[in-house]
>>> print(open('work_2.pdb').read())   # PDB, C-alpha atoms and all ligand atoms
ATOM      1  CA  MET A   1     -34.728   5.444 114.897  1.00  0.00           C
ATOM      2  CA  VAL A   2     -32.793   2.630 116.632  1.00  0.00           C
ATOM      3  CA  GLN A   3     -34.742   0.038 114.590  1.00  0.00           C
ATOM      4  CA  ALA A   4     -34.088   1.876 111.364  1.00  0.00           C
ATOM      5  CA  THR A   5     -30.265   1.743 111.673  1.00  0.00           C
ATOM      6  CA  PRO A   6     -29.703  -1.907 110.615  1.00  0.00           C
ATOM      7  CA  PHE A   7     -32.054  -1.367 107.680  1.00  0.00           C
ATOM      8  CA  LEU A   8     -30.083   1.692 106.562  1.00  0.00           C
ATOM      9  CA  VAL A   9     -26.774  -0.200 106.833  1.00  0.00           C
ATOM     10  CA  VAL A  10     -28.110  -3.044 104.658  1.00  0.00           C
ATOM     11  CA  LEU A  11     -29.511  -0.536 102.166  1.00  0.00           C
ATOM     12  CA  PHE A  12     -26.126   1.243 101.986  1.00  0.00           C
ATOM     13  CA  LEU A  13     -24.259  -2.035 101.370  1.00  0.00           C
ATOM     14  CA  ALA A  14     -26.732  -3.111  98.698  1.00  0.00           C
ATOM     15  CA  LEU A  15     -26.686   0.181  96.780  1.00  0.00           C
ATOM     16  CA  VAL A  16     -23.208   1.668  97.247  1.00  0.00           C
ATOM     17  CA  ALA A  17     -20.778  -1.245  97.823  1.00  0.00           C
ATOM     18  CA  PRO A  18     -21.165  -2.855  94.348  1.00  0.00           C
ATOM     19  CA  GLY A  19     -20.325   0.474  92.723  1.00  0.00           C
ATOM     20  CA  LEU A  20     -17.161   0.763  94.806  1.00  0.00           C
ATOM     21  CA  ALA A  21     -16.062  -2.750  93.781  1.00  0.00           C
ATOM     22  CA  VAL A  22     -16.462  -2.005  90.050  1.00  0.00           C
ATOM     23  CA  LYS A  23     -14.376   1.169  90.386  1.00  0.00           C
ATOM     24  CA  LYS A  24     -11.564  -0.844  92.027  1.00  0.00           C
ATOM     25  CA  VAL A  25     -11.348  -3.356  89.138  1.00  0.00           C
ATOM     26  CA  HIS A  26     -10.893  -0.577  86.598  1.00  0.00           C
ATOM     27  CA  ALA A  27      -8.329   1.172  88.769  1.00  0.00           C
ATOM     28  CA  ASP A  28      -6.172  -1.994  88.719  1.00  0.00           C
ATOM     29  CA  PHE A  29      -5.300  -1.514  85.017  1.00  0.00           C
ATOM     30  CA  SER A  30      -1.930   0.127  84.601  1.00  0.00           C
ATOM     31  CA  PRO A  31      -2.123   3.414  82.685  1.00  0.00           C
ATOM     32  CA  LEU A  32       0.899   2.181  80.676  1.00  0.00           C
ATOM     33  CA  GLN A  33      -0.989  -0.684  79.069  1.00  0.00           C
ATOM     34  CA  CYS A  34      -1.823  -0.621  75.401  1.00  0.00           C
ATOM     35  CA  ILE A  35       1.168   1.408  74.362  1.00  0.00           C
ATOM     36  CA  LEU A  36       2.308  -0.550  71.314  1.00  0.00           C
ATOM     37  CA  THR A  37       6.027  -0.290  72.052  1.00  0.00           C
ATOM     38  CA  GLY A  38       7.589  -3.742  72.499  1.00  0.00           C
ATOM     39  CA  GLU A  39       7.658  -7.215  70.981  1.00  0.00           C
ATOM     40  CA  TRP A  40       4.575  -9.015  69.693  1.00  0.00           C
ATOM     41  CA  LYS A  41       3.788 -12.424  68.158  1.00  0.00           C
ATOM     42  CA  ASN A  42       0.715 -13.216  66.091  1.00  0.00           C
ATOM     43  CA  ASP A  43      -1.392 -16.326  65.489  1.00  0.00           C
ATOM     44  CA  LEU A  44       0.685 -17.189  62.375  1.00  0.00           C
ATOM     45  CA  GLY A  45       3.935 -17.073  64.380  1.00  0.00           C
ATOM     46  CA  SER A  46       5.090 -13.747  62.913  1.00  0.00           C
ATOM     47  CA  ASN A  47       7.138 -11.438  65.154  1.00  0.00           C
ATOM     48  CA  MET A  48       6.883  -7.680  65.295  1.00  0.00           C
ATOM     49  CA  THR A  49       8.954  -5.133  67.205  1.00  0.00           C
ATOM     50  CA  ILE A  50       7.580  -1.631  67.671  1.00  0.00           C
ATOM     51  CA  TYR A  51       9.975   1.102  68.765  1.00  0.00           C
ATOM     52  CA  ASP A  52       9.098   4.167  70.851  1.00  0.00           C
ATOM     53  CA  ILE A  53       5.796   5.928  70.124  1.00  0.00           C
ATOM     54  CA  LYS A  54       6.399   9.595  69.259  1.00  0.00           C
ATOM     55  CA  GLU A  55       4.383  12.357  70.962  1.00  0.00           C
ATOM     56  CA  ASN A  56       2.055  12.584  67.964  1.00  0.00           C
ATOM     57  CA  GLY A  57       1.444   8.797  68.008  1.00  0.00           C
ATOM     58  CA  ASN A  58       3.728   7.941  65.076  1.00  0.00           C
ATOM     59  CA  PHE A  59       5.918   4.860  65.361  1.00  0.00           C
ATOM     60  CA  SER A  60       8.276   2.625  63.405  1.00  0.00           C
ATOM     61  CA  GLY A  61       9.370  -0.967  63.848  1.00  0.00           C
ATOM     62  CA  MET A  62      10.393  -4.244  62.219  1.00  0.00           C
ATOM     63  CA  TYR A  63       8.233  -7.175  61.090  1.00  0.00           C
ATOM     64  CA  LEU A  64       9.481 -10.739  60.618  1.00  0.00           C
ATOM     65  CA  THR A  65       6.707 -12.697  58.957  1.00  0.00           C
ATOM     66  CA  ALA A  66       6.466 -16.461  59.516  1.00  0.00           C
ATOM     67  CA  VAL A  67       4.736 -17.003  56.162  1.00  0.00           C
ATOM     68  CA  ALA A  68       5.088 -15.519  52.691  1.00  0.00           C
ATOM     69  CA  ALA A  69       3.497 -15.769  49.269  1.00  0.00           C
ATOM     70  CA  THR A  70       6.960 -15.933  47.663  1.00  0.00           C
ATOM     71  CA  LYS A  71       9.611 -18.690  47.821  1.00  0.00           C
ATOM     72  CA  ARG A  72      12.356 -16.088  48.383  1.00  0.00           C
ATOM     73  CA  GLU A  73      14.183 -15.981  51.695  1.00  0.00           C
ATOM     74  CA  ILE A  74      12.112 -14.073  54.260  1.00  0.00           C
ATOM     75  CA  LEU A  75      13.828 -10.970  55.678  1.00  0.00           C
ATOM     76  CA  ALA A  76      12.853  -8.701  58.555  1.00  0.00           C
ATOM     77  CA  SER A  77      11.065  -5.721  57.037  1.00  0.00           C
ATOM     78  CA  PRO A  78      10.430  -2.150  58.231  1.00  0.00           C
ATOM     79  CA  LEU A  79       7.026  -0.898  59.319  1.00  0.00           C
ATOM     80  CA  ARG A  80       5.667   2.580  59.915  1.00  0.00           C
ATOM     81  CA  GLY A  81       2.437   3.512  61.615  1.00  0.00           C
ATOM     82  CA  SER A  82       0.412   5.708  63.864  1.00  0.00           C
ATOM     83  CA  GLN A  83      -1.514   5.104  67.100  1.00  0.00           C
ATOM     84  CA  HIS A  84      -4.201   7.226  68.708  1.00  0.00           C
ATOM     85  CA  LEU A  85      -2.846   8.099  72.112  1.00  0.00           C
ATOM     86  CA  PRO A  86      -4.372   5.887  74.847  1.00  0.00           C
ATOM     87  CA  ASN A  87      -7.830   6.974  75.955  1.00  0.00           C
ATOM     88  CA  GLN A  88      -9.381   6.389  79.375  1.00  0.00           C
ATOM     89  CA  GLN A  89      -9.750   2.662  78.686  1.00  0.00           C
ATOM     90  CA  ASN A  90      -6.224   2.472  77.221  1.00  0.00           C
ATOM     91  CA  GLN A  91      -7.645   0.697  74.190  1.00  0.00           C
ATOM     92  CA  SER A  92      -6.617   2.846  71.265  1.00  0.00           C
ATOM     93  CA  THR A  93      -6.774   2.196  67.532  1.00  0.00           C
ATOM     94  CA  PHE A  94      -3.740   2.156  65.240  1.00  0.00           C
ATOM     95  CA  GLY A  95      -2.556   1.378  61.731  1.00  0.00           C
ATOM     96  CA  PHE A  96       0.758   0.574  60.055  1.00  0.00           C
ATOM     97  CA  THR A  97       2.281  -0.309  56.711  1.00  0.00           C
ATOM     98  CA  VAL A  98       4.893  -3.037  56.158  1.00  0.00           C
ATOM     99  CA  HIS A  99       7.276  -2.440  53.274  1.00  0.00           C
ATOM    100  CA  TRP A 100       8.479  -6.001  52.578  1.00  0.00           C
ATOM    101  CA  SER A 101      12.245  -6.033  52.009  1.00  0.00           C
ATOM    102  CA  PHE A 102      12.388  -9.338  50.130  1.00  0.00           C
ATOM    103  CA  THR A 103       9.543  -8.900  47.638  1.00  0.00           C
ATOM    104  CA  ASN A 104       7.591  -6.167  45.861  1.00  0.00           C
ATOM    105  CA  THR A 105       4.388  -6.472  47.892  1.00  0.00           C
ATOM    106  CA  THR A 106       3.000  -4.154  50.587  1.00  0.00           C
ATOM    107  CA  SER A 107       0.838  -4.866  53.635  1.00  0.00           C
ATOM    108  CA  VAL A 108      -1.308  -2.536  55.694  1.00  0.00           C
ATOM    109  CA  PHE A 109      -2.658  -3.454  59.107  1.00  0.00           C
ATOM    110  CA  THR A 110      -5.312  -1.661  61.151  1.00  0.00           C
ATOM    111  CA  GLY A 111      -6.519  -2.637  64.587  1.00  0.00           C
ATOM    112  CA  GLN A 112      -7.185  -1.907  68.213  1.00  0.00           C
ATOM    113  CA  CYS A 113      -5.309  -2.741  71.379  1.00  0.00           C
ATOM    114  CA  PHE A 114      -7.550  -4.407  73.989  1.00  0.00           C
ATOM    115  CA  VAL A 115      -6.842  -5.196  77.630  1.00  0.00           C
ATOM    116  CA  GLY A 116      -8.338  -8.595  78.490  1.00  0.00           C
ATOM    117  CA  GLU A 117      -9.878  -9.444  81.863  1.00  0.00           C
ATOM    118  CA  ASN A 118      -6.526 -10.996  82.846  1.00  0.00           C
ATOM    119  CA  GLY A 119      -4.873  -7.623  82.214  1.00  0.00           C
ATOM    120  CA  LYS A 120      -3.062  -8.919  79.106  1.00  0.00           C
ATOM    121  CA  GLU A 121      -2.891  -6.771  75.996  1.00  0.00           C
ATOM    122  CA  ILE A 122      -4.152  -8.161  72.694  1.00  0.00           C
ATOM    123  CA  LEU A 123      -3.959  -6.512  69.288  1.00  0.00           C
ATOM    124  CA  LYS A 124      -6.924  -7.389  67.082  1.00  0.00           C
ATOM    125  CA  THR A 125      -6.045  -6.501  63.507  1.00  0.00           C
ATOM    126  CA  MET A 126      -7.193  -6.803  59.930  1.00  0.00           C
ATOM    127  CA  TRP A 127      -4.752  -6.575  57.030  1.00  0.00           C
ATOM    128  CA  LEU A 128      -4.567  -6.113  53.273  1.00  0.00           C
ATOM    129  CA  LEU A 129      -1.675  -7.616  51.291  1.00  0.00           C
ATOM    130  CA  ARG A 130      -1.178  -6.019  47.908  1.00  0.00           C
ATOM    131  CA  SER A 131       0.674  -8.148  45.336  1.00  0.00           C
ATOM    132  CA  TYR A 132       2.378  -6.832  42.227  1.00  0.00           C
ATOM    133  CA  VAL A 133       0.616  -7.566  38.936  1.00  0.00           C
ATOM    134  CA  ASP A 134       2.011  -6.917  35.440  1.00  0.00           C
ATOM    135  CA  LYS A 135      -1.111  -5.402  33.963  1.00  0.00           C
ATOM    136  CA  MET A 136      -4.202  -3.494  35.089  1.00  0.00           C
ATOM    137  CA  GLU A 137      -6.544  -6.267  33.962  1.00  0.00           C
ATOM    138  CA  ASP A 138      -5.097  -8.392  36.785  1.00  0.00           C
ATOM    139  CA  ASP A 139      -5.794  -5.777  39.438  1.00  0.00           C
ATOM    140  CA  TRP A 140      -8.897  -7.644  40.630  1.00  0.00           C
ATOM    141  CA  LYS A 141      -6.808 -10.510  42.029  1.00  0.00           C
ATOM    142  CA  ALA A 142      -4.023  -8.453  43.559  1.00  0.00           C
ATOM    143  CA  THR A 143      -5.263  -7.932  47.133  1.00  0.00           C
ATOM    144  CA  LEU A 144      -5.650 -10.452  49.945  1.00  0.00           C
ATOM    145  CA  VAL A 145      -7.445  -9.653  53.204  1.00  0.00           C
ATOM    146  CA  GLY A 146      -7.215 -11.337  56.596  1.00  0.00           C
ATOM    147  CA  TYR A 147      -7.156 -11.118  60.388  1.00  0.00           C
ATOM    148  CA  ASN A 148      -4.289 -11.397  62.850  1.00  0.00           C
ATOM    149  CA  ILE A 149      -4.262 -11.418  66.644  1.00  0.00           C
ATOM    150  CA  PHE A 150      -1.039 -10.351  68.380  1.00  0.00           C
ATOM    151  CA  GLU A 151       0.067 -11.031  71.966  1.00  0.00           C
ATOM    152  CA  ARG A 152       2.911  -9.292  73.743  1.00  0.00           C
ATOM    153  CA  LEU A 153       6.102 -11.397  73.921  1.00  0.00           C
ATOM    154  CA  GLU A 154       7.634  -9.824  76.990  1.00  0.00           C
ATOM    155  CA  SER A 155       6.253  -7.472  79.628  1.00  0.00           C
ATOM    156  CA  ARG A 156       7.535  -3.931  79.691  1.00  0.00           C
TER     157      ARG A 156
HETATM  158  C1  LIG A 201       4.563 -11.511  50.793  1.00  0.00           C
HETATM  159  O1  LIG A 201       4.477 -12.743  50.880  1.00  0.00           O
HETATM  160  O2  LIG A 201       4.211 -10.905  49.777  1.00  0.00           O
HETATM  161  C2  LIG A 201       5.130 -10.728  51.938  1.00  0.00           C
HETATM  162  C3  LIG A 201       4.825 -11.316  53.277  1.00  0.00           C
HETATM  163  C4  LIG A 201       3.368 -11.179  53.626  1.00  0.00           C
HETATM  164  C5  LIG A 201       3.052 -11.770  54.995  1.00  0.00           C
HETATM  165  C6  LIG A 201       1.584 -11.658  55.337  1.00  0.00           C
HETATM  166  S1  LIG A 201       1.099 -10.015  55.811  1.00  0.00           S
HETATM  167  C7  LIG A 201      -0.396 -10.604  56.458  1.00  0.00           C
HETATM  168  C8  LIG A 201      -0.129 -11.940  57.111  1.00  0.00           C
HETATM  169  N1  LIG A 201       0.255 -11.758  58.498  1.00  0.00           N
HETATM  170  C9  LIG A 201       1.516 -12.133  58.725  1.00  0.00           C
HETATM  171  O3  LIG A 201       2.066 -12.088  59.825  1.00  0.00           O
HETATM  172  N2  LIG A 201       2.069 -12.549  57.585  1.00  0.00           N
HETATM  173  C10 LIG A 201       1.142 -12.531  56.489  1.00  0.00           C
END
>>> encode(input="work_2.pdb", output="structure tokens")
Amino acid sequence: MVQATPFLVVLFLALVAPGLAVKKVHADFSPLQCILTGEWKNDLGSNMTIYDIKENGNFSGMYLTAVAATKREILASPLRGSQHLPNQQNQSTFGFTVHWSFTNTTSVFTGQCFVGENGKEILKTMWLLRSYVDKMEDDWKATLVGYNIFERLESR
């Protein structure tokens, strides 16, 4: 029995300790992460502010794009969307529409909030930008598609 004790200790450390370490890493993530509320900047330099998330996941905000398809002056434009409430990984999906104030186009974004290994939140999104066309025959060329990645500007 005396000889078996060191063996049992080593066996315990080998089998149980790694599991404990993994649990600790996950516990370090704040449960508040991946709530969309706050200020974000994307890879094009566009800025987005999202106001409080309502209980049902709905939200509104403002979008200031850094680029535009028109030569008109760019204005901050309202957005409206909805987020699934954070799940156990705090990495919920969301979508929102931007109603551009300075032109007659509309954008929709859909994406997911991820928490990187450094604990930083990243929004991975895809978007559609619908342009206005005069006639139905031009419908085929009216929609652009792309990706944007957003990072939080300031910590909450
Ligand atoms: C327009 O030019 O018709 C309105 C502005 C569109 C800006 C687009 S939306 C997708 C992409 N991501 C951005 O941050 N800006 C562009």
>>> resolve_selection(input="work_2.pdb", expression="the PyMOL selection byres (((chain A and resi 54-57) around 8) and not hetatm)", output="list in words")
Asp52, Ile53, Asn58, Phe59, Ser82, Gln83, His84 and Leu85 of chain A
>>> residues_around(input="work_2.pdb", residues="Gln91 (chain A)", least_positions_apart="3", cutoff="10 Å", atoms="only C-alpha atoms", output="compact mmCIF listing (two decimals) with C-alpha atoms, keeping the file's coordinate frame")
# COMPACT_ATOMS: atom_id res chain seq x y z
CA GLN A 33 -0.99 -0.68 79.07
CA CYS A 34 -1.82 -0.62 75.40
CA ILE A 35 1.17 1.41 74.36
CA HIS A 84 -4.20 7.23 68.71
CA LEU A 85 -2.85 8.10 72.11
CA PRO A 86 -4.37 5.89 74.85
CA ASN A 87 -7.83 6.97 75.96
CA GLN A 88 -9.38 6.39 79.38
CA PHE A 94 -3.74 2.16 65.24
CA GLN A 112 -7.18 -1.91 68.21
CA CYS A 113 -5.31 -2.74 71.38
CA PHE A 114 -7.55 -4.41 73.99
CA VAL A 115 -6.84 -5.20 77.63
CA GLU A 121 -2.89 -6.77 76.00
CA ILE A 122 -4.15 -8.16 72.69
CA LEU A 123 -3.96 -6.51 69.29
>>> resolve_selection(input="work_2.pdb", expression="the PyMOL selection byres (((chain A and resi 151) around 6) and not hetatm)", output="NGL selection string")
:A and (40-41 or 122 or 150 or 152)
>>> closest_residue(input="work_2.pdb", among="A:Asn118, A:Asn104, A:Thr37, A:Thr49", to="ligand LIG 201 (chain A)", atoms="all atoms listed in the file")
A:Asn104
>>> closest_residue(input="work_2.pdb", among="A:Thr97, A:Thr110, A:Ser60, A:Ser46", to="ligand LIG 201 (chain A)", atoms="all atoms listed in the file")
A:Ser46
>>> atom_distance(input="work_2.pdb", atom1="CA of Val145 (chain A)", atom2="CA of Thr105 (chain A)")
13.4 Å
>>> closest_atom_pairs(input="work_2.pdb", of="chain A", to="ligand LIG 201 (chain A)", cutoff="9 Å", atoms="all atoms listed in the file", output="JSON lines")
{"residue": "A:Lys41", "atom": "CA", "partner": "A:LIG201", "partner_atom": "O3", "distance": 8.5}
{"residue": "A:Asn42", "atom": "CA", "partner": "A:LIG201", "partner_atom": "O3", "distance": 6.5}
{"residue": "A:Asp43", "atom": "CA", "partner": "A:LIG201", "partner_atom": "O3", "distance": 7.9}
{"residue": "A:Leu44", "atom": "CA", "partner": "A:LIG201", "partner_atom": "O3", "distance": 5.9}
{"residue": "A:Gly45", "atom": "CA", "partner": "A:LIG201", "partner_atom": "O3", "distance": 7.0}
{"residue": "A:Ser46", "atom": "CA", "partner": "A:LIG201", "partner_atom": "O3", "distance": 4.6}
{"residue": "A:Asn47", "atom": "CA", "partner": "A:LIG201", "partner_atom": "O3", "distance": 7.4}
{"residue": "A:Met48", "atom": "CA", "partner": "A:LIG201", "partner_atom": "O3", "distance": 8.5}
{"residue": "A:Tyr63", "atom": "CA", "partner": "A:LIG201", "partner_atom": "O3", "distance": 8.0}
{"residue": "A:Leu64", "atom": "CA", "partner": "A:LIG201", "partner_atom": "O3", "distance": 7.6}
{"residue": "A:Thr65", "atom": "CA", "partner": "A:LIG201", "partner_atom": "O3", "distance": 4.8}
{"residue": "A:Ala66", "atom": "CA", "partner": "A:LIG201", "partner_atom": "N2", "distance": 6.2}
{"residue": "A:Val67", "atom": "CA", "partner": "A:LIG201", "partner_atom": "N2", "distance": 5.4}
{"residue": "A:Ala68", "atom": "CA", "partner": "A:LIG201", "partner_atom": "O1", "distance": 3.4}
{"residue": "A:Ala69", "atom": "CA", "partner": "A:LIG201", "partner_atom": "O1", "distance": 3.6}
{"residue": "A:Thr70", "atom": "CA", "partner": "A:LIG201", "partner_atom": "O1", "distance": 5.2}
{"residue": "A:Lys71", "atom": "CA", "partner": "A:LIG201", "partner_atom": "O1", "distance": 8.4}
{"residue": "A:Arg72", "atom": "CA", "partner": "A:LIG201", "partner_atom": "O1", "distance": 8.9}
{"residue": "A:Ile74", "atom": "CA", "partner": "A:LIG201", "partner_atom": "C3", "distance": 7.9}
{"residue": "A:Val98", "atom": "CA", "partner": "A:LIG201", "partner_atom": "S1", "distance": 8.0}
{"residue": "A:His99", "atom": "CA", "partner": "A:LIG201", "partner_atom": "C2", "distance": 8.7}
{"residue": "A:Trp100", "atom": "CA", "partner": "A:LIG201", "partner_atom": "C2", "distance": 5.8}
{"residue": "A:Ser101", "atom": "CA", "partner": "A:LIG201", "partner_atom": "C2", "distance": 8.5}
{"residue": "A:Phe102", "atom": "CA", "partner": "A:LIG201", "partner_atom": "C2", "distance": 7.6}
{"residue": "A:Thr103", "atom": "CA", "partner": "A:LIG201", "partner_atom": "O2", "distance": 6.1}
{"residue": "A:Asn104", "atom": "CA", "partner": "A:LIG201", "partner_atom": "O2", "distance": 7.0}
{"residue": "A:Thr105", "atom": "CA", "partner": "A:LIG201", "partner_atom": "O2", "distance": 4.8}
{"residue": "A:Thr106", "atom": "CA", "partner": "A:LIG201", "partner_atom": "O2", "distance": 6.9}
{"residue": "A:Ser107", "atom": "CA", "partner": "A:LIG201", "partner_atom": "S1", "distance": 5.6}
{"residue": "A:Val108", "atom": "CA", "partner": "A:LIG201", "partner_atom": "S1", "distance": 7.9}
{"residue": "A:Phe109", "atom": "CA", "partner": "A:LIG201", "partner_atom": "C7", "distance": 8.0}
{"residue": "A:Met126", "atom": "CA", "partner": "A:LIG201", "partner_atom": "C7", "distance": 8.5}
{"residue": "A:Trp127", "atom": "CA", "partner": "A:LIG201", "partner_atom": "C7", "distance": 6.0}
{"residue": "A:Leu128", "atom": "CA", "partner": "A:LIG201", "partner_atom": "C7", "distance": 6.9}
{"residue": "A:Leu129", "atom": "CA", "partner": "A:LIG201", "partner_atom": "S1", "distance": 5.8}
{"residue": "A:Arg130", "atom": "CA", "partner": "A:LIG201", "partner_atom": "O2", "distance": 7.5}
{"residue": "A:Ser131", "atom": "CA", "partner": "A:LIG201", "partner_atom": "O2", "distance": 6.3}
{"residue": "A:Tyr132", "atom": "CA", "partner": "A:LIG201", "partner_atom": "O2", "distance": 8.8}
{"residue": "A:Leu144", "atom": "CA", "partner": "A:LIG201", "partner_atom": "C7", "distance": 8.4}
{"residue": "A:Val145", "atom": "CA", "partner": "A:LIG201", "partner_atom": "C7", "distance": 7.8}
{"residue": "A:Gly146", "atom": "CA", "partner": "A:LIG201", "partner_atom": "C7", "distance": 6.9}
{"residue": "A:Tyr147", "atom": "CA", "partner": "A:LIG201", "partner_atom": "N1", "distance": 7.7}
{"residue": "A:Asn148", "atom": "CA", "partner": "A:LIG201", "partner_atom": "N1", "distance": 6.3}
>>> atom_distance(input="work_2.pdb", atom1="CA of Gly95 (chain A)", atom2="CA of Gly61 (chain A)")
12.3 Å
>>> closest_residue(input="work_2.pdb", among="A:Ile50, A:Ile149, A:Ala142, A:Val133", to="Gly81 (chain A)", atoms="only C-alpha atoms")
A:Ile50
>>> atom_distance(input="work_2.pdb", atom1="CA of Lys120 (chain A)", atom2="CA of Tyr51 (chain A)")
19.4 Å
>>> axis_aligned_box(input="work_2.pdb", around="region 120-125 of chain A", padding_each_side="5 Å", output="AutoDock Vina command-line options")
--center_x -4.9 --center_y -7.7 --center_z 71.3 --size_x 14.0 --size_y 12.4 --size_z 25.6
>>> build_atoms(input="work_2.pdb", residues="region 67-74 of chain A", atoms="all heavy atoms", output="PDB file, in the coordinates of the input")
ATOM      1  N   VAL A  67       5.258 -16.430  57.414  1.00  0.00           N
ATOM      2  CA  VAL A  67       4.736 -17.003  56.162  1.00  0.00           C
ATOM      3  C   VAL A  67       4.899 -15.967  55.058  1.00  0.00           C
ATOM      4  O   VAL A  67       4.961 -14.768  55.327  1.00  0.00           O
ATOM      5  CB  VAL A  67       3.240 -17.374  56.288  1.00  0.00           C
ATOM      6  CG1 VAL A  67       3.022 -18.455  57.331  1.00  0.00           C
ATOM      7  CG2 VAL A  67       2.401 -16.143  56.637  1.00  0.00           C
ATOM      8  N   ALA A  68       4.973 -16.456  53.819  1.00  0.00           N
ATOM      9  CA  ALA A  68       5.088 -15.519  52.691  1.00  0.00           C
ATOM     10  C   ALA A  68       4.492 -16.156  51.457  1.00  0.00           C
ATOM     11  O   ALA A  68       4.431 -17.390  51.326  1.00  0.00           O
ATOM     12  CB  ALA A  68       6.552 -15.151  52.449  1.00  0.00           C
ATOM     13  N   ALA A  69       4.073 -15.296  50.524  1.00  0.00           N
ATOM     14  CA  ALA A  69       3.497 -15.769  49.269  1.00  0.00           C
ATOM     15  C   ALA A  69       4.602 -16.094  48.259  1.00  0.00           C
ATOM     16  O   ALA A  69       4.331 -16.682  47.219  1.00  0.00           O
ATOM     17  CB  ALA A  69       2.567 -14.703  48.707  1.00  0.00           C
ATOM     18  N   THR A  70       5.839 -15.695  48.561  1.00  0.00           N
ATOM     19  CA  THR A  70       6.960 -15.933  47.663  1.00  0.00           C
ATOM     20  C   THR A  70       7.864 -17.025  48.243  1.00  0.00           C
ATOM     21  O   THR A  70       7.843 -17.263  49.457  1.00  0.00           O
ATOM     22  CB  THR A  70       7.790 -14.646  47.460  1.00  0.00           C
ATOM     23  OG1 THR A  70       8.999 -14.980  46.791  1.00  0.00           O
ATOM     24  CG2 THR A  70       8.111 -13.983  48.776  1.00  0.00           C
ATOM     25  N   LYS A  71       8.679 -17.658  47.338  1.00  0.00           N
ATOM     26  CA  LYS A  71       9.611 -18.690  47.821  1.00  0.00           C
ATOM     27  C   LYS A  71      10.952 -18.078  48.204  1.00  0.00           C
ATOM     28  O   LYS A  71      11.846 -18.769  48.677  1.00  0.00           O
ATOM     29  CB  LYS A  71       9.814 -19.742  46.726  1.00  0.00           C
ATOM     30  CG  LYS A  71       8.581 -20.616  46.514  1.00  0.00           C
ATOM     31  CD  LYS A  71       8.979 -21.982  45.910  1.00  0.00           C
ATOM     32  CE  LYS A  71       7.876 -23.007  46.018  1.00  0.00           C
ATOM     33  NZ  LYS A  71       6.708 -22.718  45.188  1.00  0.00           N
ATOM     34  N   ARG A  72      11.088 -16.744  48.019  1.00  0.00           N
ATOM     35  CA  ARG A  72      12.356 -16.088  48.383  1.00  0.00           C
ATOM     36  C   ARG A  72      12.581 -16.155  49.892  1.00  0.00           C
ATOM     37  O   ARG A  72      11.628 -16.330  50.662  1.00  0.00           O
ATOM     38  CB  ARG A  72      12.320 -14.619  47.955  1.00  0.00           C
ATOM     39  CG  ARG A  72      12.319 -14.461  46.470  1.00  0.00           C
ATOM     40  CD  ARG A  72      12.465 -12.990  46.096  1.00  0.00           C
ATOM     41  NE  ARG A  72      11.867 -12.789  44.794  1.00  0.00           N
ATOM     42  CZ  ARG A  72      11.302 -11.674  44.391  1.00  0.00           C
ATOM     43  NH1 ARG A  72      11.257 -10.643  45.185  1.00  0.00           N
ATOM     44  NH2 ARG A  72      10.775 -11.584  43.195  1.00  0.00           N
ATOM     45  N   GLU A  73      13.853 -15.966  50.267  1.00  0.00           N
ATOM     46  CA  GLU A  73      14.183 -15.981  51.695  1.00  0.00           C
ATOM     47  C   GLU A  73      13.478 -14.818  52.397  1.00  0.00           C
ATOM     48  O   GLU A  73      13.547 -13.674  51.932  1.00  0.00           O
ATOM     49  CB  GLU A  73      15.702 -15.845  51.869  1.00  0.00           C
ATOM     50  CG  GLU A  73      16.132 -15.894  53.319  1.00  0.00           C
ATOM     51  CD  GLU A  73      17.587 -15.466  53.505  1.00  0.00           C
ATOM     52  OE1 GLU A  73      18.238 -15.122  52.495  1.00  0.00           O
ATOM     53  OE2 GLU A  73      18.045 -15.461  54.655  1.00  0.00           O
ATOM     54  N   ILE A  74      12.827 -15.123  53.508  1.00  0.00           N
ATOM     55  CA  ILE A  74      12.112 -14.073  54.260  1.00  0.00           C
ATOM     56  C   ILE A  74      13.114 -13.222  55.031  1.00  0.00           C
ATOM     57  O   ILE A  74      14.024 -13.751  55.676  1.00  0.00           O
ATOM     58  CB  ILE A  74      11.091 -14.726  55.221  1.00  0.00           C
ATOM     59  CG1 ILE A  74       9.967 -15.389  54.418  1.00  0.00           C
ATOM     60  CG2 ILE A  74      10.546 -13.704  56.212  1.00  0.00           C
ATOM     61  CD1 ILE A  74       8.968 -16.176  55.252  1.00  0.00           C
TER      62      ILE A  74
END
